[in-house]
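*Asks:* Contents of structure-v3.txt (compact mmCIF, C-alpha atoms):
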```txt
# COMPACT_ATOMS: atom_id res chain seq x y z
CA MET A 1 0.37 4.04 -14.32
CA GLU A 2 -1.44 0.74 -14.30
CA LYS A 3 -5.19 0.77 -13.65
CA THR A 4 -4.79 -0.07 -9.96
CA ASN A 5 -5.35 1.92 -6.79
CA SER A 6 -1.79 2.31 -5.55
CA LEU A 7 1.88 1.92 -6.34
CA LEU A 8 2.08 -1.11 -4.05
CA GLU A 9 -0.70 -2.77 -6.03
CA VAL A 10 1.30 -2.15 -9.20
CA PHE A 11 4.35 -3.67 -7.52
CA ALA A 12 2.35 -6.69 -6.39
CA ALA A 13 0.68 -7.21 -9.78
CA ARG A 14 3.96 -7.04 -11.69
CA GLY A 15 6.00 -9.16 -9.27
CA PHE A 16 8.13 -6.55 -7.50
CA LEU A 17 6.80 -6.96 -3.97
CA HIS A 18 8.68 -9.46 -1.80
CA GLN A 19 8.60 -8.14 1.78
CA CYS A 20 7.35 -4.88 3.25
CA THR A 21 7.42 -3.36 6.72
CA ASN A 22 4.03 -1.95 7.78
CA ARG A 23 2.41 -2.22 4.36
CA GLU A 24 -0.76 -0.47 5.50
CA GLY A 25 1.24 2.48 6.80
CA LEU A 26 3.23 2.68 3.58
CA GLU A 27 0.01 2.59 1.52
CA GLN A 28 -1.27 5.56 3.50
CA LEU A 29 2.02 7.41 3.07
CA PHE A 30 1.95 6.95 -0.72
CA ALA A 31 -1.66 8.20 -0.79
CA LYS A 32 -1.05 11.44 1.09
CA GLU A 33 2.37 12.71 -0.08
CA GLN A 34 5.21 12.46 -2.55
CA VAL A 35 7.49 9.82 -1.08
CA THR A 36 11.26 9.85 -1.47
CA ALA A 37 12.60 6.30 -1.65
CA TYR A 38 16.15 5.14 -2.11
CA ILE A 39 18.10 2.15 -3.33
CA GLY A 40 21.84 1.90 -2.78
CA TYR A 41 24.29 0.75 -5.44
CA ASP A 42 27.91 0.07 -4.56
CA ALA A 43 30.37 1.12 -7.24
CA THR A 44 32.18 -2.22 -7.38
CA ALA A 45 32.06 -2.40 -11.21
CA GLY A 46 31.78 -0.01 -14.14
CA SER A 47 28.31 -1.27 -14.97
CA LEU A 48 25.29 -3.00 -13.49
CA HIS A 49 24.05 -6.24 -15.03
CA VAL A 50 20.51 -7.45 -15.61
CA GLY A 51 20.40 -8.89 -12.09
CA SER A 52 20.04 -5.26 -10.93
CA LEU A 53 17.38 -4.45 -13.50
CA VAL A 54 14.49 -5.27 -11.17
CA THR A 55 15.63 -2.47 -8.81
CA LEU A 56 15.97 0.01 -11.68
CA MET A 57 12.49 -0.83 -12.94
CA ALA A 58 11.09 -0.42 -9.42
CA MET A 59 12.62 3.07 -9.31
CA ARG A 60 11.13 3.82 -12.72
CA TRP A 61 7.63 2.83 -11.58
CA LEU A 62 8.10 4.90 -8.43
CA HIS A 63 8.96 7.91 -10.60
CA LYS A 64 6.04 7.29 -12.97
CA ALA A 65 3.71 7.30 -9.96
CA GLY A 66 4.83 10.81 -9.06
CA HIS A 67 7.17 9.90 -6.22
CA CYS A 68 10.87 10.68 -5.93
CA PRO A 69 13.51 8.00 -6.51
CA LEU A 70 16.85 8.63 -4.83
CA PHE A 71 19.82 6.72 -6.21
CA LEU A 72 22.49 6.30 -3.55
CA LEU A 73 25.99 5.66 -4.81
CA GLY A 74 28.01 3.63 -2.34
CA GLY A 75 31.20 5.62 -2.68
CA GLY A 76 31.88 4.96 1.00
CA THR A 77 30.50 1.45 1.43
CA SER A 78 32.28 0.32 -1.76
CA LYS A 79 35.47 0.66 0.24
CA ILE A 80 34.22 -2.14 2.50
CA GLY A 81 32.03 -4.44 0.41
CA ASP A 82 28.58 -5.80 1.22
CA PRO A 83 28.86 -9.40 2.51
CA SER A 84 25.19 -10.12 1.62
CA GLY A 85 24.83 -13.09 -0.71
CA ARG A 86 28.58 -13.66 -0.96
CA ASP A 87 30.84 -16.51 0.16
CA GLU A 88 34.05 -14.54 -0.01
CA THR A 89 35.44 -11.11 0.72
CA ARG A 90 35.20 -8.58 -2.09
CA LYS A 91 38.36 -7.23 -3.61
CA LEU A 92 39.20 -3.82 -2.16
CA LEU A 93 39.11 -1.07 -4.79
CA SER A 94 41.10 2.16 -4.93
CA ASN A 95 39.36 5.52 -4.59
CA GLN A 96 40.06 6.20 -8.26
CA GLU A 97 38.44 2.93 -9.35
CA ILE A 98 35.37 3.61 -7.21
CA THR A 99 34.98 7.14 -8.61
CA LYS A 100 35.26 5.92 -12.20
CA ASN A 101 32.74 3.15 -11.60
CA ALA A 102 30.32 5.56 -9.91
CA GLU A 103 30.37 7.90 -12.90
CA ALA A 104 29.43 5.02 -15.19
CA LEU A 105 26.55 3.94 -12.92
CA VAL A 106 25.02 7.43 -12.98
CA GLN A 107 24.64 7.15 -16.75
CA ILE A 108 22.69 3.92 -16.31
CA PHE A 109 20.46 5.37 -13.57
CA SER A 110 19.48 8.31 -15.79
CA ARG A 111 17.98 5.98 -18.42
CA TYR A 112 15.38 4.78 -15.94
CA ALA A 113 14.61 7.98 -14.00
CA PRO A 114 15.92 11.38 -15.24
CA PHE A 115 17.93 13.72 -13.03
CA ASP A 116 16.54 16.81 -14.79
CA GLY A 117 13.16 18.25 -15.78
CA ASP A 118 10.16 19.15 -13.64
CA HIS A 119 10.24 15.94 -11.64
CA PRO A 120 13.89 14.93 -11.24
CA ALA A 121 15.26 11.91 -9.46
CA LEU A 122 17.84 12.54 -6.74
CA LEU A 123 21.44 11.37 -6.52
CA ARG A 124 23.58 11.06 -3.42
CA ASN A 125 26.93 9.47 -2.56
CA ASN A 126 27.40 8.04 0.93
CA ALA A 127 31.10 8.88 0.81
CA ASP A 128 29.95 12.46 1.54
CA TRP A 129 29.14 11.49 5.14
CA LEU A 130 30.85 8.14 5.73
CA ASP A 131 34.32 9.47 4.86
CA LYS A 132 33.91 12.11 7.56
CA LEU A 133 32.93 9.78 10.39
CA GLU A 134 35.07 9.80 13.51
CA TYR A 135 35.36 6.26 14.74
CA ILE A 136 34.94 6.64 18.51
CA PRO A 137 32.04 9.15 18.33
CA PHE A 138 30.32 6.93 15.73
CA LEU A 139 30.63 3.86 17.96
CA ARG A 140 29.19 5.80 20.89
CA GLU A 141 26.26 7.26 18.95
CA VAL A 142 25.38 4.37 16.65
CA GLY A 143 27.26 1.23 17.64
CA ARG A 144 25.54 0.96 21.01
CA HIS A 145 22.21 0.33 19.23
CA PHE A 146 23.50 -2.87 17.56
CA THR A 147 23.96 -6.10 19.52
CA LEU A 148 26.21 -8.87 18.27
CA ASN A 149 23.51 -11.34 19.24
CA ARG A 150 21.13 -9.93 16.66
CA MET A 151 23.72 -9.18 13.99
CA LEU A 152 24.77 -12.83 14.03
CA THR A 153 21.23 -13.87 13.11
CA PHE A 154 21.20 -12.01 9.80
CA ASP A 155 21.58 -14.17 6.70
CA SER A 156 24.49 -12.12 5.34
CA VAL A 157 26.50 -13.05 8.44
CA LYS A 158 25.05 -16.43 9.40
CA SER A 159 25.44 -18.04 5.97
CA ARG A 160 29.12 -17.03 5.79
CA LEU A 161 29.83 -18.42 9.23
CA GLU A 162 27.90 -21.65 8.62
CA ARG A 163 30.03 -22.31 5.54
CA GLU A 164 33.16 -21.50 7.52
CA GLN A 165 33.97 -18.72 5.08
CA PRO A 166 35.93 -15.79 6.52
CA LEU A 167 33.96 -12.68 7.43
CA THR A 168 36.23 -9.74 8.15
CA PHE A 169 35.57 -7.14 10.82
CA LEU A 170 35.55 -4.62 7.96
CA GLU A 171 32.58 -6.36 6.30
CA PHE A 172 30.86 -6.89 9.64
CA ASN A 173 30.51 -3.11 9.88
CA TYR A 174 28.61 -2.90 6.59
CA MET A 175 25.10 -3.23 8.02
CA VAL A 176 25.83 -0.53 10.60
CA LEU A 177 26.99 1.87 7.90
CA GLN A 178 23.98 1.09 5.70
CA ALA A 179 21.69 1.80 8.64
CA TRP A 180 23.50 5.11 9.11
CA ASP A 181 22.89 5.88 5.42
CA PHE A 182 19.14 5.52 5.89
CA LEU A 183 19.18 7.80 8.92
CA GLN A 184 21.23 10.44 7.08
CA LEU A 185 18.93 10.35 4.03
CA SER A 186 15.91 10.62 6.32
CA ARG A 187 17.37 13.72 7.93
CA ASP A 188 18.82 15.43 4.87
CA ALA A 189 16.50 14.39 2.02
CA GLY A 190 13.26 13.48 3.80
CA CYS A 191 13.68 9.89 2.61
CA LYS A 192 11.14 7.56 4.21
CA LEU A 193 11.51 4.34 2.25
CA GLN A 194 14.45 2.10 1.45
CA MET A 195 14.08 -0.57 -1.23
CA GLY A 196 16.50 -3.32 -2.15
CA GLY A 197 16.93 -6.93 -3.11
CA SER A 198 15.57 -9.64 -0.86
CA ASP A 199 19.07 -10.21 0.56
CA GLN A 200 18.99 -6.63 1.94
CA TRP A 201 16.08 -7.21 4.34
CA GLY A 202 18.26 -7.42 7.45
CA ASN A 203 20.23 -4.30 6.55
CA ILE A 204 17.05 -2.35 5.79
CA VAL A 205 15.41 -3.35 9.09
CA CYS A 206 18.53 -2.19 10.93
CA GLY A 207 18.16 1.28 9.41
CA ILE A 208 14.49 1.47 10.34
CA GLU A 209 15.28 0.45 13.92
CA LEU A 210 18.14 2.96 14.18
CA ALA A 211 15.90 5.85 13.07
CA ARG A 212 13.26 4.81 15.57
CA ARG A 213 15.76 4.68 18.42
CA ILE A 214 17.73 7.87 17.67
CA ASP A 215 15.25 10.20 15.92
CA GLU A 216 11.97 8.55 16.96
CA THR A 217 11.04 8.53 13.27
CA GLU A 218 9.09 5.83 11.43
CA LEU A 219 10.76 4.71 8.23
CA PHE A 220 9.71 1.94 5.86
CA GLY A 221 11.39 -0.91 4.03
CA LEU A 222 10.46 -2.89 0.93
CA THR A 223 12.39 -5.70 -0.68
CA LEU A 224 12.24 -6.90 -4.25
CA PRO A 225 12.49 -10.57 -5.25
CA LEU A 226 15.69 -12.23 -6.35
CA VAL A 227 14.72 -13.06 -9.92
CA THR A 228 15.69 -16.44 -11.27
CA THR A 229 14.99 -18.12 -14.59
CA ALA A 230 12.63 -21.08 -14.93
CA ASP A 231 15.54 -23.52 -14.52
CA GLY A 232 16.58 -21.87 -11.24
CA ALA A 233 19.57 -19.94 -12.62
CA LYS A 234 20.32 -16.49 -11.24
CA MET A 235 19.44 -13.58 -13.52
CA GLY A 236 22.35 -11.76 -15.08
CA LYS A 237 24.67 -14.69 -15.68
CA THR A 238 25.25 -16.75 -18.82
CA ALA A 239 27.92 -19.16 -19.94
CA ALA A 240 29.66 -16.16 -21.52
CA GLY A 241 29.58 -14.11 -18.31
CA ALA A 242 27.51 -11.23 -16.96
CA VAL A 243 24.82 -9.58 -19.08
CA TRP A 244 25.94 -5.97 -18.59
CA LEU A 245 23.75 -2.89 -19.04
CA ASP A 246 26.66 -0.84 -20.40
CA GLY A 247 26.90 -1.01 -24.18
CA GLU A 248 30.70 -0.97 -24.07
CA LYS A 249 30.85 -4.08 -21.87
CA LEU A 250 28.13 -5.93 -23.80
CA SER A 251 26.96 -4.95 -27.28
CA VAL A 252 23.37 -3.81 -27.78
CA GLY A 253 22.88 -6.71 -30.16
CA GLU A 254 23.98 -9.27 -27.56
CA PHE A 255 21.77 -7.60 -24.97
CA TRP A 256 18.77 -7.84 -27.33
CA GLN A 257 19.59 -11.45 -28.12
CA TYR A 258 19.77 -12.34 -24.41
CA TRP A 259 16.13 -11.38 -23.99
CA ARG A 260 15.19 -12.94 -27.35
CA ASN A 261 16.51 -16.25 -26.04
CA THR A 262 14.23 -16.20 -22.98
CA ALA A 263 12.72 -19.58 -22.11
CA ASP A 264 9.01 -19.90 -22.85
CA ALA A 265 8.21 -20.33 -19.16
CA ASP A 266 9.86 -16.99 -18.26
CA VAL A 267 8.26 -14.75 -20.89
CA GLY A 268 5.25 -13.61 -18.86
CA LYS A 269 7.25 -12.95 -15.69
CA PHE A 270 9.93 -11.01 -17.51
CA LEU A 271 7.39 -8.92 -19.46
CA ARG A 272 5.77 -7.87 -16.18
CA LEU A 273 9.05 -7.06 -14.45
CA PHE A 274 11.17 -5.56 -17.19
CA THR A 275 8.75 -3.77 -19.54
CA GLU A 276 6.00 -1.19 -19.20
CA LEU A 277 3.54 -3.05 -21.40
CA PRO A 278 -0.02 -3.10 -20.00
CA LEU A 279 -0.88 -6.18 -17.97
CA ASP A 280 -3.70 -7.19 -20.31
CA GLU A 281 -1.31 -7.16 -23.28
CA ILE A 282 1.20 -9.23 -21.30
CA ALA A 283 -1.56 -11.70 -20.46
CA ARG A 284 -2.25 -12.07 -24.19
CA LEU A 285 1.39 -12.52 -25.09
CA GLU A 286 2.17 -15.13 -22.44
CA LYS A 287 -0.70 -17.31 -23.66
CA LEU A 288 0.90 -17.72 -27.08
CA GLU A 289 2.23 -21.18 -27.82
CA GLY A 290 4.56 -22.90 -30.27
CA ARG A 291 6.18 -20.63 -32.80
CA GLU A 292 3.78 -17.80 -31.89
CA ILE A 293 5.53 -17.36 -28.53
CA ASN A 294 8.38 -15.83 -30.52
CA GLU A 295 6.22 -12.72 -30.96
CA ALA A 296 6.26 -12.30 -27.18
CA LYS A 297 10.02 -12.83 -27.00
CA ILE A 298 10.67 -10.23 -29.67
CA ARG A 299 8.43 -7.75 -27.83
CA LEU A 300 10.37 -8.49 -24.64
CA ALA A 301 13.73 -7.96 -26.37
CA ASN A 302 12.55 -4.76 -28.05
CA GLU A 303 11.06 -3.25 -24.89
CA THR A 304 13.97 -4.05 -22.56
CA THR A 305 16.54 -2.87 -25.10
CA SER A 306 14.62 0.34 -25.74
CA LEU A 307 14.57 1.18 -22.03
CA CYS A 308 18.24 0.38 -21.51
CA HIS A 309 19.82 1.62 -24.74
CA GLY A 310 17.18 3.81 -26.40
CA GLU A 311 14.42 3.17 -28.89
CA SER A 312 16.54 3.79 -31.99
CA ALA A 313 19.16 1.26 -30.88
CA ALA A 314 16.45 -1.32 -30.19
CA VAL A 315 14.90 -0.82 -33.62
CA GLN A 316 18.29 -1.10 -35.31
CA VAL A 317 19.28 -4.39 -33.68
CA ALA A 318 15.83 -5.89 -34.25
CA GLU A 319 15.98 -5.00 -37.93
CA SER A 320 19.52 -6.38 -38.19
CA ALA A 321 18.41 -9.70 -36.72
CA GLN A 322 15.50 -9.86 -39.13
CA ALA A 323 17.72 -9.05 -42.11
CA ALA A 324 20.46 -11.53 -41.19
CA PHE A 325 18.03 -14.40 -40.65
CA ALA A 326 15.35 -13.64 -43.15
CA GLY A 327 13.06 -16.56 -42.45
CA GLY A 328 10.91 -14.44 -40.17
CA ASP A 329 11.64 -15.74 -36.69
CA THR A 330 15.01 -15.16 -35.05
CA GLY A 331 14.92 -17.09 -31.84
CA ALA A 332 14.91 -20.03 -29.53
CA GLY A 333 12.69 -22.93 -30.32
CA THR A 334 12.44 -22.10 -34.03
CA ASP A 335 12.75 -25.25 -36.13
CA GLU A 336 13.83 -23.42 -39.25
CA GLN A 337 15.90 -20.32 -40.00
CA THR A 338 17.08 -18.62 -43.16
CA ILE A 339 20.46 -16.96 -43.57
CA THR A 340 21.22 -14.66 -46.47
CA GLN A 341 24.20 -15.17 -48.78
CA GLU A 342 25.27 -11.63 -47.90
CA THR A 343 25.42 -12.53 -44.20
CA LEU A 344 27.22 -15.81 -44.84
CA GLY A 345 29.73 -14.20 -47.18
CA GLU A 346 32.86 -16.31 -47.72
CA GLY A 347 32.12 -18.10 -44.47
CA LEU A 348 30.80 -17.50 -40.97
CA ALA A 349 31.87 -19.14 -37.71
CA LEU A 350 29.47 -21.94 -36.87
CA ALA A 351 29.43 -20.79 -33.23
CA THR A 352 28.22 -17.37 -34.39
CA VAL A 353 25.50 -18.92 -36.54
CA LEU A 354 24.20 -21.09 -33.70
CA HIS A 355 24.07 -18.10 -31.36
CA ASP A 356 22.53 -15.68 -33.85
CA CYS A 357 19.85 -18.23 -34.67
CA ALA A 358 19.25 -18.32 -30.88
CA TRP A 359 19.68 -22.08 -30.81
CA VAL A 360 22.21 -21.61 -28.01
CA ALA A 361 22.48 -18.89 -25.36
CA SER A 362 25.99 -17.68 -26.20
CA ARG A 363 28.91 -18.12 -28.58
CA SER A 364 31.00 -19.65 -25.81
CA GLU A 365 28.32 -22.26 -25.20
CA ALA A 366 28.25 -22.97 -28.93
CA ARG A 367 32.03 -23.46 -29.03
CA ARG A 368 31.87 -25.75 -26.02
CA LEU A 369 29.15 -27.86 -27.64
CA ILE A 370 31.04 -28.06 -30.93
CA LYS A 371 34.31 -28.99 -29.23
CA GLY A 372 32.53 -31.70 -27.26
CA GLY A 373 31.07 -33.27 -30.39
CA GLY A 374 27.54 -32.13 -29.64
CA VAL A 375 26.90 -30.49 -33.02
CA ALA A 376 26.41 -32.11 -36.40
CA LEU A 377 25.79 -30.71 -39.87
CA SER A 378 23.61 -32.96 -42.03
CA GLY A 379 24.62 -35.95 -39.91
CA GLU A 380 28.37 -35.21 -39.85
CA LYS A 381 29.78 -34.29 -36.43
CA VAL A 382 31.81 -31.12 -36.15
CA ASP A 383 34.43 -30.98 -33.40
CA ASP A 384 36.44 -27.90 -34.40
CA GLU A 385 35.21 -25.05 -32.21
CA ASN A 386 36.46 -22.58 -34.85
CA PHE A 387 34.64 -24.34 -37.71
CA VAL A 388 33.51 -21.95 -40.44
CA LEU A 389 30.19 -22.56 -42.17
CA THR A 390 30.30 -21.91 -45.91
CA SER A 391 27.93 -22.41 -48.82
CA ALA A 392 29.65 -25.79 -49.44
CA GLN A 393 27.80 -27.29 -46.46
CA PHE A 394 24.40 -26.50 -47.99
CA MET A 395 22.80 -29.15 -50.21
CA ASP A 396 20.16 -27.58 -52.41
CA GLY A 397 20.34 -24.53 -50.17
CA VAL A 398 19.68 -26.46 -46.95
CA VAL A 399 21.76 -27.81 -44.07
CA GLN A 400 20.38 -29.78 -41.14
CA VAL A 401 21.82 -28.70 -37.79
CA SER A 402 21.71 -31.15 -34.88
CA ILE A 403 22.50 -30.04 -31.32
CA GLY A 404 22.71 -32.92 -28.90
CA ARG A 405 20.58 -35.99 -29.49
CA ARG A 406 17.14 -34.45 -29.77
CA ARG A 407 17.39 -30.88 -31.05
CA LYS A 408 17.29 -30.65 -34.84
CA PHE A 409 16.97 -27.52 -36.95
CA ILE A 410 16.95 -26.55 -40.59
CA LEU A 411 19.06 -23.68 -41.90
CA ARG A 412 18.26 -22.40 -45.39
CA LEU A 413 20.53 -20.28 -47.55
CA LYS A 414 18.76 -17.46 -49.34
```
Can I see the file as structure tokens?
*Replies:*
Amino acid sequence: MEKTNSLLEVFAARGFLHQCTNREGLEQLFAKEQVTAYIGYDATAGSLHVGSLVTLMAMRWLHKAGHCPLFLLGGGTSKIGDPSGRDETRKLLSNQEITKNAEALVQIFSRYAPFDGDHPALLRNNADWLDKLEYIPFLREVGRHFTLNRMLTFDSVKSRLEREQPLTFLEFNYMVLQAWDFLQLSRDAGCKLQMGGSDQWGNIVCGIELARRIDETELFGLTLPLVTTADGAKMGKTAAGAVWLDGEKLSVGEFWQYWRNTADADVGKFLRLFTELPLDEIARLEKLEGREINEAKIRLANETTSLCHGESAAVQVAESAQAAFAGGDTGAGTDEQTITQETLGEGLALATVLHDCAWVASRSEARRLIKGGGVALSGEKVDDENFVLTSAQFMDGVVQVSIGRRRKFILRLK
């Protein structure tokens, strides 16, 4: 644990704390007992992406502090789809698809908080109780505690209606079912805290209110920030698509490179959120400037990859990057890189070279730039997106790479 007095102080210091119901009461609860806290994950895909990483890291810190993280699989709610933060209705999945996706998510959860050992995390699936609900009895017991007046004020509903996007009655039920989840977990697992992204605040508050009305129990809610990059982009998306946490959907090397390409302005924030490095070490790293900031980016890439894919995989991809581009640095903002003759071989796609040098965020972005005439080699524009770089382009072992009007780099052949 960090050298602070409480888990909430750790959350605040590292950037996890967005909103909290009755913070003083939750501080006291953490101080006197082991708290079970849950986050729900709908099984709408066979992997999570880095946009969900802040919730996984919050669960990891909770576990490290001696409390009990409970991962709730949305086997039931996945059949409806959470309207929060969306402009359109989710595609309905079959039971088989949901089950397959859920199995994959469990593997990801276990990397951040183990389900075995002396202090295991808990796993539940809301299909276990939602699939058994009888509609009329549920409406009588739970539905009467929800007014349309209030439900229409929640962002997940209001934003859809303001944009004149359809909101189905099926989706409108989502917040009621999520509130029921919290009540069930309170009863059956002693769960007293629900955490989630900032867009879940309304749903979380509904669950707290339902428990107060039906069971006269005080529950707590805490939301985590929606993390964006310095340029305002949403975490987890690139020009090439989602940055998945599953190694089969995105290679470990591409995952490592994503973090290695972090903008200078984001390094400190991402080190605090997505690694377990001490805060004083992070403070040192984020003060680095110029080419030295690459040390911080490599530490970020190594630490995040180690947590997600294992230490040995992180070491392997870091060593591969160093070997392929032997000039020392392997990342964004570097004016000069070195590629070995072994790596170049008989030729290597220019798009791959630009990406692996971390001069662009993805191979698809590189191809788009090349096709649009935004890349030149030693002053000669290249417009073939499939252009292959060979030793013939190097003059005295050097080629100058220009990207756009202002970005110029040197690539040396070793």
*Asks:* Return the single residue from A:Thr36, A:Ser362, A:Thr228, A:Thr99 that is closest to A:Gly190, with distances computed using all atoms listed in the file.
*Replies:* A:Thr36
*Asks:* Nearest residue to A:Arg213 out of A:Ala283, A:Leu93, A:Leu183, A:Ala361, using only C-alpha atoms?
*Replies:*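 Checking each candidate against A:Arg213, we get A:Leu183 as the closest.
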*Asks:* Using all atoms listed in the file, determine which residues lie at most 6 Å from stretch 263-266 of chain A, disregarding the query and same-chain residues fewer than 2 positions distant; provide the list as a PyMOL selection string.
*Replies:* chain A and resi 230+268-269
*Asks:* As an exercise, work out the distance from atom CA of A:Pro114 to atom CA of A:Ser47 in Å and give it to one decimal place.
*Replies:*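 Answer for the atom CA of A:Pro114 to atom CA of A:Ser47 separation: 17.7 Å.
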*Asks:* Separation of atom CA of A:Asn22 and atom CA of A:Leu122, in Å?
*Replies:* 24.7 Å
*Asks:* List every protein, DNA or RNA residue that has an atom no more than 9 Å from (31.2, 3.6, -12.6) in the file's coordinate frame, counting only C-alpha atoms, and report them as a ChimeraX atom specification.
*Replies:* /A:43-48,97-107
*Asks:* Have a look at A:Val401, A:Ile136, A:Leu92, A:Leu185 and name the one nearest to A:Leu219; count only C-alpha atoms.
*Replies:*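 Distance minimum relative to A:Leu219 lands on A:Leu185.
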*Asks:* Go ahead and compute the interatomic distance for atom CA of A:Thr338 and atom CA of A:Glu319, in Å to one decimal.
*Replies:*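 So the answer is 14.6 Å.
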*Asks:* With distances taken over all atoms listed in the file, which residue among A:Cys20, A:Ile39, A:Leu250, A:Ile339 lies nearest A:Phe394?
*Replies:*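 Looking only at the distances to A:Phe394, the closest residue turns out to be A:Ile339.
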*Asks:* If we count all atoms listed in the file, what is near A:Ala65 at a cut-off of 10 Å, once residues fewer than 2 positions away on the same chain are taken out, given as a ChimeraX atom specification?
*Replies:* /A:1-2,6-7,10,30,34-35,59-63,67-68
*Asks:* Just the residues within 8 Å of A:His119, please, counting all atoms listed in the file, with nothing from its chain fewer than 2 positions along; format it as a list in words.
*Replies:*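 Non-adjacent residues within range: Gly66, Cys68, Asp116, Gly117 and Ala121 of chain A.
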*Asks:* Quick one: of A:Val205, A:Leu411, A:Leu285, A:Ile293, who's nearest to A:Thr21, counting all atoms listed in the file?
*Replies:* A:Val205
*Asks:* Residues at most 12 Å from A:Val142, counting all atoms listed in the file, excluding those fewer than 4 positions away in the same chain, as a list in words?
*Replies:* Leu133, Glu134, Tyr135, Ile136, Pro137, Phe138, Phe146, Thr147, Asn173, Met175, Val176, Leu177, Gln178, Ala179, Trp180, Asp181, Leu183, Cys206, Gly207, Glu209, Leu210, Ala211, Arg213, Ile214 and Asp215 of chain A
*Asks:* Store the residues of this selection in a file with C-alpha atoms, as a PDB file, keeping the file's coordinate frame.
*Replies:*
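Listing of again_34.pdb after writing:
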```pdb
ATOM      1  CA  LEU A 133      32.930   9.780  10.390  1.00  0.00           C
ATOM      2  CA  GLU A 134      35.070   9.800  13.510  1.00  0.00           C
ATOM      3  CA  TYR A 135      35.360   6.260  14.740  1.00  0.00           C
ATOM      4  CA  ILE A 136      34.940   6.640  18.510  1.00  0.00           C
ATOM      5  CA  PRO A 137      32.040   9.150  18.330  1.00  0.00           C
ATOM      6  CA  PHE A 138      30.320   6.930  15.730  1.00  0.00           C
ATOM      7  CA  PHE A 146      23.500  -2.870  17.560  1.00  0.00           C
ATOM      8  CA  THR A 147      23.960  -6.100  19.520  1.00  0.00           C
ATOM      9  CA  ASN A 173      30.510  -3.110   9.880  1.00  0.00           C
ATOM     10  CA  MET A 175      25.100  -3.230   8.020  1.00  0.00           C
ATOM     11  CA  VAL A 176      25.830  -0.530  10.600  1.00  0.00           C
ATOM     12  CA  LEU A 177      26.990   1.870   7.900  1.00  0.00           C
ATOM     13  CA  GLN A 178      23.980   1.090   5.700  1.00  0.00           C
ATOM     14  CA  ALA A 179      21.690   1.800   8.640  1.00  0.00           C
ATOM     15  CA  TRP A 180      23.500   5.110   9.110  1.00  0.00           C
ATOM     16  CA  ASP A 181      22.890   5.880   5.420  1.00  0.00           C
ATOM     17  CA  LEU A 183      19.180   7.800   8.920  1.00  0.00           C
ATOM     18  CA  CYS A 206      18.530  -2.190  10.930  1.00  0.00           C
ATOM     19  CA  GLY A 207      18.160   1.280   9.410  1.00  0.00           C
ATOM     20  CA  GLU A 209      15.280   0.450  13.920  1.00  0.00           C
ATOM     21  CA  LEU A 210      18.140   2.960  14.180  1.00  0.00           C
ATOM     22  CA  ALA A 211      15.900   5.850  13.070  1.00  0.00           C
ATOM     23  CA  ARG A 213      15.760   4.680  18.420  1.00  0.00           C
ATOM     24  CA  ILE A 214      17.730   7.870  17.670  1.00  0.00           C
ATOM     25  CA  ASP A 215      15.250  10.200  15.920  1.00  0.00           C
TER      26      ASP A 215
END
```
*Asks:* Go through A:Val388, A:Leu300, A:Val353, A:Ala366 and flag the residue nearest A:Gly404, using all atoms listed in the file for the distances.
*Replies:*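 Closest residue, counting all atoms listed in the file: A:Ala366.
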*Asks:* Find the spatial neighbours of A:Met195, counting only C-alpha atoms, within a cut-off of 8 Å - ignore same-chain residues fewer than 2 positions away - and output them as a compact mmCIF listing (two decimals) with C-alpha atoms, keeping the file's coordinate frame.
*Replies:*
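Generated output (around-v6.txt):
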```txt
# COMPACT_ATOMS: atom_id res chain seq x y z
CA ALA A 37 12.60 6.30 -1.65
CA TYR A 38 16.15 5.14 -2.11
CA ILE A 39 18.10 2.15 -3.33
CA THR A 55 15.63 -2.47 -8.81
CA LEU A 193 11.51 4.34 2.25
CA GLY A 197 16.93 -6.93 -3.11
CA ILE A 204 17.05 -2.35 5.79
CA GLY A 221 11.39 -0.91 4.03
CA LEU A 222 10.46 -2.89 0.93
CA THR A 223 12.39 -5.70 -0.68
CA LEU A 224 12.24 -6.90 -4.25
```
